[in-house]
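Below is protein_21.txt, which holds compact mmCIF, C-alpha atoms (C1' of nucleotides).
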# COMPACT_ATOMS: atom_id res chain seq x y z
CA MET A 276 108.72 161.16 121.73
CA ILE A 277 107.27 162.19 125.07
CA ALA A 278 105.38 159.75 127.27
CA SER A 279 103.43 159.77 130.53
CA TRP A 280 103.19 156.77 132.85
CA ASN A 281 101.69 156.36 136.29
CA VAL A 282 104.27 153.84 137.55
CA ASN A 283 102.58 153.07 140.91
CA SER A 284 105.82 153.03 142.97
CA ILE A 285 109.15 153.76 141.29
CA LYS A 286 110.85 151.41 143.77
CA VAL A 287 108.85 148.44 142.52
CA ARG A 288 108.75 149.56 138.87
CA VAL A 289 112.24 150.90 138.13
CA ASP A 290 113.30 147.85 136.10
CA ALA A 291 110.06 147.86 134.12
CA VAL A 292 110.44 151.58 133.41
CA LEU A 293 114.06 151.29 132.28
CA ASP A 294 113.22 148.25 130.14
CA TRP A 295 110.48 150.23 128.44
CA LEU A 296 112.74 153.25 127.88
CA ALA A 297 115.38 150.97 126.35
CA SER A 298 112.83 149.46 123.97
CA SER A 299 111.25 152.77 122.97
CA ASP A 300 112.50 156.02 121.45
CA CYS A 301 111.29 158.01 124.43
CA ASP A 302 113.07 161.34 124.95
CA ILE A 303 111.03 162.53 127.92
CA LEU A 304 109.06 160.42 130.40
CA LEU A 305 106.57 161.98 132.79
CA MET A 306 105.98 159.76 135.82
CA GLN A 307 103.31 159.80 138.52
CA GLU A 308 102.71 157.96 141.79
CA THR A 309 106.39 157.45 142.39
CA LYS A 310 105.54 157.05 146.12
CA SER A 311 109.10 157.88 147.05
CA LEU A 312 111.05 160.51 148.93
CA ASP A 313 113.43 162.39 146.62
CA GLU A 314 116.49 160.87 148.31
CA ASN A 315 115.18 157.35 147.63
CA PHE A 316 114.49 157.91 143.93
CA PRO A 317 116.73 155.66 141.74
CA THR A 318 118.39 158.63 140.05
CA GLU A 319 121.58 156.68 139.30
CA ARG A 320 119.71 153.96 137.43
CA PHE A 321 118.23 156.58 135.12
CA ALA A 322 121.60 158.31 134.70
CA GLU A 323 123.18 155.01 133.62
CA ALA A 324 120.47 154.77 130.97
CA GLY A 325 121.22 158.28 129.75
CA TYR A 326 118.36 160.15 131.42
CA ALA A 327 118.54 163.10 133.77
CA VAL A 328 115.70 163.27 136.29
CA GLU A 329 113.78 165.97 138.11
CA ILE A 330 111.82 164.78 141.13
CA HIS A 331 109.01 166.13 143.27
CA GLY A 332 108.30 163.35 145.73
CA GLN A 333 106.90 162.69 149.18
CA LYS A 334 106.58 159.78 151.57
CA THR A 335 104.13 156.96 150.80
CA TYR A 336 101.75 158.71 148.42
CA ASN A 337 101.68 160.71 145.19
CA GLY A 338 105.01 161.93 143.82
CA VAL A 339 105.86 163.04 140.27
CA ALA A 340 109.10 162.91 138.29
CA ILE A 341 110.42 163.62 134.81
CA ALA A 342 113.25 161.79 133.02
CA SER A 343 114.83 163.41 129.96
CA LYS A 344 117.53 162.45 127.50
CA GLN A 345 117.88 166.06 126.46
CA PRO A 346 118.88 169.04 128.59
CA MET A 347 116.05 169.90 130.95
CA VAL A 348 115.59 172.99 133.10
CA LEU A 349 113.46 172.84 136.25
CA ARG A 350 110.71 175.48 136.31
CA GLN A 351 108.71 174.65 139.43
CA LYS A 352 107.53 172.02 141.88
CA GLY A 353 103.89 172.32 142.86
CA LEU A 354 101.37 174.73 141.41
CA GLY A 355 102.96 177.59 143.28
CA ASP A 356 100.19 178.72 145.58
CA ALA A 357 98.41 177.57 148.74
CA GLY A 358 97.23 173.97 149.04
CA ASP A 359 100.31 172.30 147.62
CA GLU A 360 101.03 169.86 150.45
CA GLN A 361 100.67 166.88 148.10
CA ALA A 362 103.39 166.28 145.49
CA ARG A 363 101.35 166.28 142.28
CA TYR A 364 102.87 168.83 139.89
CA LEU A 365 106.33 169.19 138.35
CA GLU A 366 107.19 171.59 135.51
CA ILE A 367 110.31 171.75 133.37
CA GLU A 368 111.36 173.05 129.97
CA VAL A 369 113.21 171.38 127.11
CA GLY A 370 114.08 173.72 124.29
CA ASP A 371 111.15 176.07 123.89
CA PHE A 372 108.65 173.48 125.19
CA ILE A 373 107.15 173.87 128.66
CA ILE A 374 106.27 170.44 130.04
CA ALA A 375 104.48 169.36 133.21
CA SER A 376 103.99 165.99 134.91
CA ILE A 377 100.58 165.97 136.58
CA TYR A 378 98.99 163.63 139.11
CA LEU A 379 95.51 164.99 139.51
CA PRO A 380 93.66 163.90 142.68
CA ASN A 381 91.28 160.95 142.36
CA GLY A 382 88.50 162.52 144.41
CA ASN A 383 86.61 159.39 145.43
CA PRO A 384 84.42 158.88 147.28
CA VAL A 385 82.42 161.93 146.19
CA MET A 386 80.07 161.79 149.17
CA ASP A 387 80.84 161.42 152.86
CA GLU A 388 77.89 160.95 155.22
CA GLY A 389 75.55 162.90 152.98
CA ASN A 390 77.94 165.75 152.23
CA ILE A 391 80.46 166.40 149.47
CA SER A 392 83.66 164.73 150.69
CA ALA A 393 86.91 166.49 151.49
CA LYS A 394 88.61 164.38 148.81
CA PHE A 395 86.25 165.51 146.07
CA THR A 396 86.48 169.13 147.21
CA TYR A 397 90.26 168.84 147.07
CA LYS A 398 90.11 167.45 143.53
CA LEU A 399 87.93 170.29 142.28
CA ALA A 400 90.03 172.95 144.00
CA TRP A 401 93.20 171.40 142.55
CA MET A 402 91.69 171.48 139.06
CA GLU A 403 90.76 175.13 139.49
CA ARG A 404 94.33 175.93 140.47
CA LEU A 405 95.64 173.93 137.51
CA ILE A 406 93.37 175.90 135.16
CA ARG A 407 94.69 179.21 136.46
CA HIS A 408 98.26 178.07 136.02
CA ALA A 409 97.65 176.50 132.60
CA ASP A 410 96.09 179.78 131.47
CA ALA A 411 99.21 181.69 132.50
CA LEU A 412 101.47 179.20 130.72
CA ASN A 413 99.41 179.39 127.56
CA GLN A 414 99.83 183.15 127.43
CA LEU A 415 103.61 182.80 127.14
CA GLY A 416 103.19 181.99 123.45
CA ARG A 417 105.31 178.84 123.74
CA PRO A 418 104.39 175.18 123.16
CA VAL A 419 103.00 173.66 126.37
CA ILE A 420 102.48 169.98 127.17
CA LEU A 421 100.48 168.99 130.26
CA GLY A 422 100.83 165.22 130.64
CA GLY A 423 99.85 162.88 133.39
CA ASP A 424 97.24 160.94 135.28
CA PHE A 425 94.28 163.32 135.21
CA ASN A 426 91.85 160.88 136.85
CA ILE A 427 89.25 162.00 134.33
CA ILE A 428 87.24 159.74 132.00
CA PRO A 429 86.31 162.29 129.33
CA ASP A 430 83.66 160.43 127.34
CA ALA A 431 81.94 157.19 126.38
CA LEU A 432 84.83 156.11 124.15
CA ASP A 433 87.11 156.19 127.16
CA CYS A 434 85.58 153.24 129.02
CA HIS A 435 83.47 150.17 128.34
CA ASP A 436 80.31 151.17 130.14
CA LEU A 437 79.89 154.84 130.88
CA ALA A 438 76.82 154.25 133.03
CA ARG A 439 79.02 152.57 135.61
CA TRP A 440 80.92 155.84 136.09
CA HIS A 441 78.05 158.24 136.48
CA GLY A 442 78.49 160.04 139.77
CA ASP A 443 82.05 158.78 140.20
CA ALA A 444 84.70 161.45 140.77
CA LEU A 445 86.39 160.40 137.50
CA HIS A 446 83.31 161.31 135.47
CA HIS A 447 81.35 163.58 137.77
CA PRO A 448 79.69 166.63 136.14
CA HIS A 449 81.76 168.94 138.35
CA SER A 450 84.99 167.18 137.33
CA LEU A 451 84.03 167.25 133.65
CA LYS A 452 83.17 170.94 133.77
CA LEU A 453 86.67 171.74 134.99
CA TRP A 454 88.20 169.33 132.45
CA ARG A 455 86.38 171.27 129.74
CA GLY A 456 87.75 174.43 131.32
CA LEU A 457 91.20 173.36 130.17
CA THR A 458 89.78 172.91 126.67
CA TYR A 459 88.30 176.39 126.68
CA LEU A 460 91.76 177.78 127.44
CA GLY A 461 92.99 176.19 124.23
CA TYR A 462 94.33 172.84 125.43
CA ALA A 463 93.46 169.71 123.45
CA ASP A 464 93.38 166.04 124.49
CA SER A 465 96.03 164.94 121.99
CA PHE A 466 94.98 161.29 121.88
CA ARG A 467 91.37 162.12 121.10
CA ALA A 468 92.33 164.85 118.63
CA LEU A 469 94.39 162.39 116.58
CA ASN A 470 92.18 159.32 117.17
CA PRO A 471 88.66 160.76 117.09
CA SER A 472 86.69 157.52 117.15
CA ARG A 473 88.98 154.94 118.75
CA MET A 474 88.16 153.31 122.08
CA ALA A 475 91.37 152.86 124.03
CA PHE A 476 92.39 152.67 127.67
CA SER A 477 95.38 153.57 129.82
CA PHE A 478 94.36 151.95 133.12
CA TRP A 479 93.07 148.49 134.03
CA ASP A 480 92.23 147.72 137.66
CA TYR A 481 94.23 144.99 139.37
CA GLN A 482 90.95 143.50 140.55
CA GLY A 483 88.40 141.35 138.85
CA GLY A 484 90.51 140.34 135.85
CA ALA A 485 90.04 143.77 134.33
CA TRP A 486 93.15 143.45 132.11
CA GLN A 487 92.14 140.03 130.79
CA LYS A 488 88.66 141.35 129.98
CA ASP A 489 90.07 144.61 128.56
CA ASP A 490 87.80 146.41 131.00
CA GLY A 491 89.81 149.61 131.25
CA ILE A 492 89.49 153.36 131.31
CA ARG A 493 91.41 156.19 129.63
CA ILE A 494 92.45 158.60 132.37
CA ASP A 495 96.08 159.36 131.44
CA HIS A 496 96.23 162.27 129.03
CA ILE A 497 98.66 164.47 127.14
CA LEU A 498 97.14 167.93 126.73
CA ILE A 499 98.69 170.34 124.23
CA ASN A 500 98.18 174.03 123.53
CA ALA A 501 98.00 175.45 120.00
CA GLU A 502 101.75 175.99 119.69
CA ALA A 503 102.40 172.35 120.61
CA ALA A 504 99.55 171.14 118.39
CA ASP A 505 101.26 172.81 115.44
CA ARG A 506 104.15 170.37 115.82
CA ILE A 507 102.47 167.12 116.90
CA THR A 508 102.62 164.11 114.58
CA ALA A 509 101.11 161.28 116.68
CA SER A 510 99.47 160.45 120.00
CA ASP A 511 98.91 156.89 121.13
CA ILE A 512 99.00 154.34 123.96
CA ASP A 513 101.44 151.44 124.42
CA LYS A 514 99.52 148.61 126.08
CA THR A 515 102.50 146.24 126.19
CA PRO A 516 103.85 147.12 129.66
CA ARG A 517 100.46 146.46 131.31
CA GLY A 518 100.63 142.80 130.27
CA LEU A 519 104.08 142.12 131.75
CA GLU A 520 104.88 140.57 135.14
CA ARG A 521 104.25 142.77 138.19
CA ALA A 522 102.93 145.62 136.05
CA SER A 523 101.66 149.02 137.08
CA ASP A 524 97.89 149.27 136.71
CA HIS A 525 98.56 152.10 134.19
CA THR A 526 100.36 151.87 130.85
CA PRO A 527 102.33 154.61 129.00
CA VAL A 528 100.56 157.12 126.80
CA PHE A 529 102.74 159.08 124.38
CA ALA A 530 102.93 161.76 121.72
CA ARG A 531 105.39 162.54 118.96
CA PHE A 532 106.49 165.95 117.73
CA GLU A 533 108.24 166.84 114.53
CA GLY A 534 112.01 167.03 114.40
CA ALA A 535 114.79 164.49 114.89
CA ARG A 536 115.15 165.52 118.53
CA PHE A 537 112.25 166.22 120.81
CA GLY A 538 110.85 169.65 120.20
CA ALA A 539 113.17 170.45 117.33
CA LYS A 540 111.64 172.86 114.88
CA SER A 541 110.75 171.73 111.40
CA GLN A 542 113.58 171.71 108.89
CA ILE A 543 111.29 173.03 106.20
CA SER A 544 112.94 176.14 104.76
CA ALA A 545 111.06 179.29 103.92
C1' DA B 50 78.66 141.51 148.72
C1' DT B 51 82.73 147.50 151.15
C1' DG B 52 85.25 142.24 148.84
C1' DA B 53 88.09 141.34 144.86
C1' DC B 54 94.49 143.30 143.92
C1' DT B 55 98.67 146.02 144.85
C1' DA B 56 101.79 149.07 147.49
C1' DA B 57 103.47 151.55 151.68
C1' DT B 58 103.81 151.85 156.53
C1' DC B 59 107.41 151.41 162.80
C1' DG B 60 102.29 146.53 159.74
C1' DA B 61 100.87 141.54 161.95
C1' DA B 62 95.79 145.84 160.01
C1' DT B 63 95.00 150.17 157.83
C1' DT B 64 94.94 153.66 154.08
C1' DA B 65 94.77 154.64 149.32
C1' DG B 66 94.20 153.84 144.73
C1' DA B 67 90.18 154.22 140.63
Using C-alpha cells, write down the structure that the file contains.
Amino acid sequence: MIASWNVNSIKVRVDAVLDWLASSDCDILLMQETKSLDENFPTERFAEAGYAVEIHGQKTYNGVAIASKQPMVLRQKGLGDAGDEQARYLEIEVGDFIIASIYLPNGNPVMDEGNISAKFTYKLAWMERLIRHADALNQLGRPVILGGDFNIIPDALDCHDLARWHGDALHHPHSLKLWRGLTYLGYADSFRALNPSRMAFSFWDYQGGAWQKDDGIRIDHILINAEAADRITASDIDKTPRGLERASDHTPVFARFEGARFGAKSQISA
DNA sequence: ATGACTAATCGAATTAGA
C-alpha cells in the first residue's frame, strides 16, 4: 500500500506518523509540508520502524519526503528546471514504479491589488512544469504514481459547497484547466476512478470546527498513469488520524496495488 | 467581521496555510 499525507511539520507529527505506519500496512509513505531542514528530519525514528527515507526539505516552509519499507532509489529532487527554489517535488523508484511526492503551491490569494497575484502565477507556472515532467515520465512506459497535496478541489463531490470555492486558487478555472492537463496526458485521479460517486475529504481546516462539522475538502490525490492503473486494486482515505490529538489538518490518502509486496507483478501465469 | 487555529521564526508579532 502506498499513502500520501501532508503532515504539517514532521517535528510535531513524527509520533503520529509512526503510530499510523505501525497500525497500517503501508509500504511507501509520501509526505508533504515537513517544514524541516534535511539535517533535522527524524531519519533515525523511521529507520527504527523499518523505513528508509528520502528527503527534500527546506527551512520553515514546504518540504517533501518519502519513507519506504522496500528498497528505494532516488531519482530527483525538484522538477529539474528553473524556478525550483521551493522544496515541493521528490521522485524515487521502487521496483519498476516511478513515484513522486508532490506539494503543489496553494496559490491564494488569487488577486493582489487588482492584479493576478505572484502566488497564483507561481502555482500555475509550477503546474505547467509538472505537466511537462509528468508527460516525460509517462513516455517511459513504466507505472507512474504522482501522489501528494495538489491543492486542487476537482469537483462538487470534493467539498460540501462548491459555490464557496469559486474563484479560489484551489478551484479556479485556470487551476482546473491545468489539473485536467494531467488527465489529458493519461493520468487518473485514483480515488475518483475507484469511487465515482462518493463524497470524501482529505483536509479539514483547524478553524471553525470544520472537523466536527465534516466540512472538508479533497485536495490530496494519488494520480496514476495507465501502467499503474493496470495494477491498482483500491484507493481510499483514512480519516482516523485527523480525529486524534494534535492532528495534522490533512489525513492520509492511499492506494493499493496487486502483489504481496508493493509493486510486485501479478502471479497469474500465462 | 481579515478573525477564527496551528506551526515556524532570532517571536513577544508576522507569515503562511487553504
I need every residue sitting at most 7 Å from the point (88.0, 158.9, 130.2) (coordinates as in the file, all atoms listed in the file considered), written as a tab-separated table (two decimals) with C-alpha atoms, in the frame of the given file.
chain	number	residue	atom	x	y	z
A	427	ILE	CA	89.25	162.00	134.33
A	428	ILE	CA	87.24	159.74	132.00
A	429	PRO	CA	86.31	162.29	129.33
A	430	ASP	CA	83.66	160.43	127.34
A	433	ASP	CA	87.11	156.19	127.16
A	434	CYS	CA	85.58	153.24	129.02
A	492	ILE	CA	89.49	153.36	131.31
A	493	ARG	CA	91.41	156.19	129.63
A	494	ILE	CA	92.45	158.60	132.37
_Length of the CA of Lys394 in chain A to C1' of DC54 in chain B vector [Å]_ =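 Computing it gives 22.4 Å between the two atoms.
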*Name the residues within 12 Å of (101.0, 148.0, 151.5), counting all atoms listed in the file in the file's coordinates, and put them as a list in words.*
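Residues close enough to count: Asn283, Ser284, Val287, Lys310, Thr335 and Tyr336 of chain A; DC54, DT55, DA56, DA57, DT58, DG60, DA62, DT63, DT64, DA65 and DG66 of chain B.
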Determine the axis-aligned bounding box of all atoms of range 314-330 of chain A present in the file, pad each side by 5 Å, and express its centre and edge lengths in Å to one decimal place as AutoDock Vina command-line options.
--center_x 117.5 --center_y 160.0 --center_z 139.0 --size_x 21.4 --size_y 22.0 --size_z 28.6
*Using only C-alpha atoms (C1' of nucleotides), which residues sit within 10 Å of DA67 in chain B once same-chain residues fewer than 2 positions away are excluded, as a PyMOL selection string?*
(chain A and resi 381-384+426+443-445+478-480+492+494+524) or (chain B and resi 65)
*asked:* Excluding Asn500 in chain A and its own-chain neighbours fewer than 2 positions away, which residues fall within 12 Å of it when counting only C-alpha atoms (C1' of nucleotides)? Please give them as a ChimeraX atom specification.
replied: /A:372-374,409-422,457-465,468,497-498,502-507
*Do me a favour and pick out the residues of chain A within 7 Å of chain B, using all atoms listed in the file, as a PyMOL selection string.*
chain A and resi 335+481-483
_Could you list, as a PyMOL selection string, every residue within 10 Å of Phe537 in chain A, counting only C-alpha atoms (C1' of nucleotides) and ignoring same-chain residues fewer than 6 positions away?_
chain A and resi 276-277+301-303+343-345+369-370+372+531
*Between CA of Asp495 in chain A and CA of Pro380 in chain A, what is the spacing in Å?*
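So the answer is 12.4 Å.
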*Residues at most 9 Å from range 319-325 of chain A, counting all atoms listed in the file, excluding those fewer than 4 positions away in the same chain, as a ChimeraX atom specification?*
/A:289-290,293,296-297,342-344
Prev. selection, C-alpha atoms, output as an mmCIF file, keeping the file's coordinate frame:
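part_35.cif written:
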data_model
loop_
_atom_site.group_PDB
_atom_site.id
_atom_site.type_symbol
_atom_site.label_atom_id
_atom_site.label_comp_id
_atom_site.auth_asym_id
_atom_site.auth_seq_id
_atom_site.Cartn_x
_atom_site.Cartn_y
_atom_site.Cartn_z
ATOM 1 C CA VAL A 289 112.240 150.900 138.130
ATOM 2 C CA ASP A 290 113.300 147.850 136.100
ATOM 3 C CA LEU A 293 114.060 151.290 132.280
ATOM 4 C CA LEU A 296 112.740 153.250 127.880
ATOM 5 C CA ALA A 297 115.380 150.970 126.350
ATOM 6 C CA ALA A 342 113.250 161.790 133.020
ATOM 7 C CA SER A 343 114.830 163.410 129.960
ATOM 8 C CA LYS A 344 117.530 162.450 127.500
#
*Interatomic distance, CA of Glu533 in chain A to CA of Asp511 in chain A (Å, one decimal)*: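 Taking CA of Glu533 in chain A as the start and CA of Asp511 in chain A as the end point, the length is 15.2 Å.
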*Could you tell me which of A:Ala530, A:Asn281, A:Thr515, A:Ser450 comes closest to Asp294 in chain A if we count all atoms listed in the file?*
A:Thr515
*Near-Gly423 in chain A list (8 Å; only C-alpha atoms (C1' of nucleotides); drop same-chain fewer than 3 positions) as a list in words*: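 Once the adjacent positions are removed, what remains is Ser279, Trp280, Asn281, Leu305, Met306, Gln307, Ala375, Ser376, Ile377, Tyr378, Leu379, Asp495, His496 and Ile497 of chain A.
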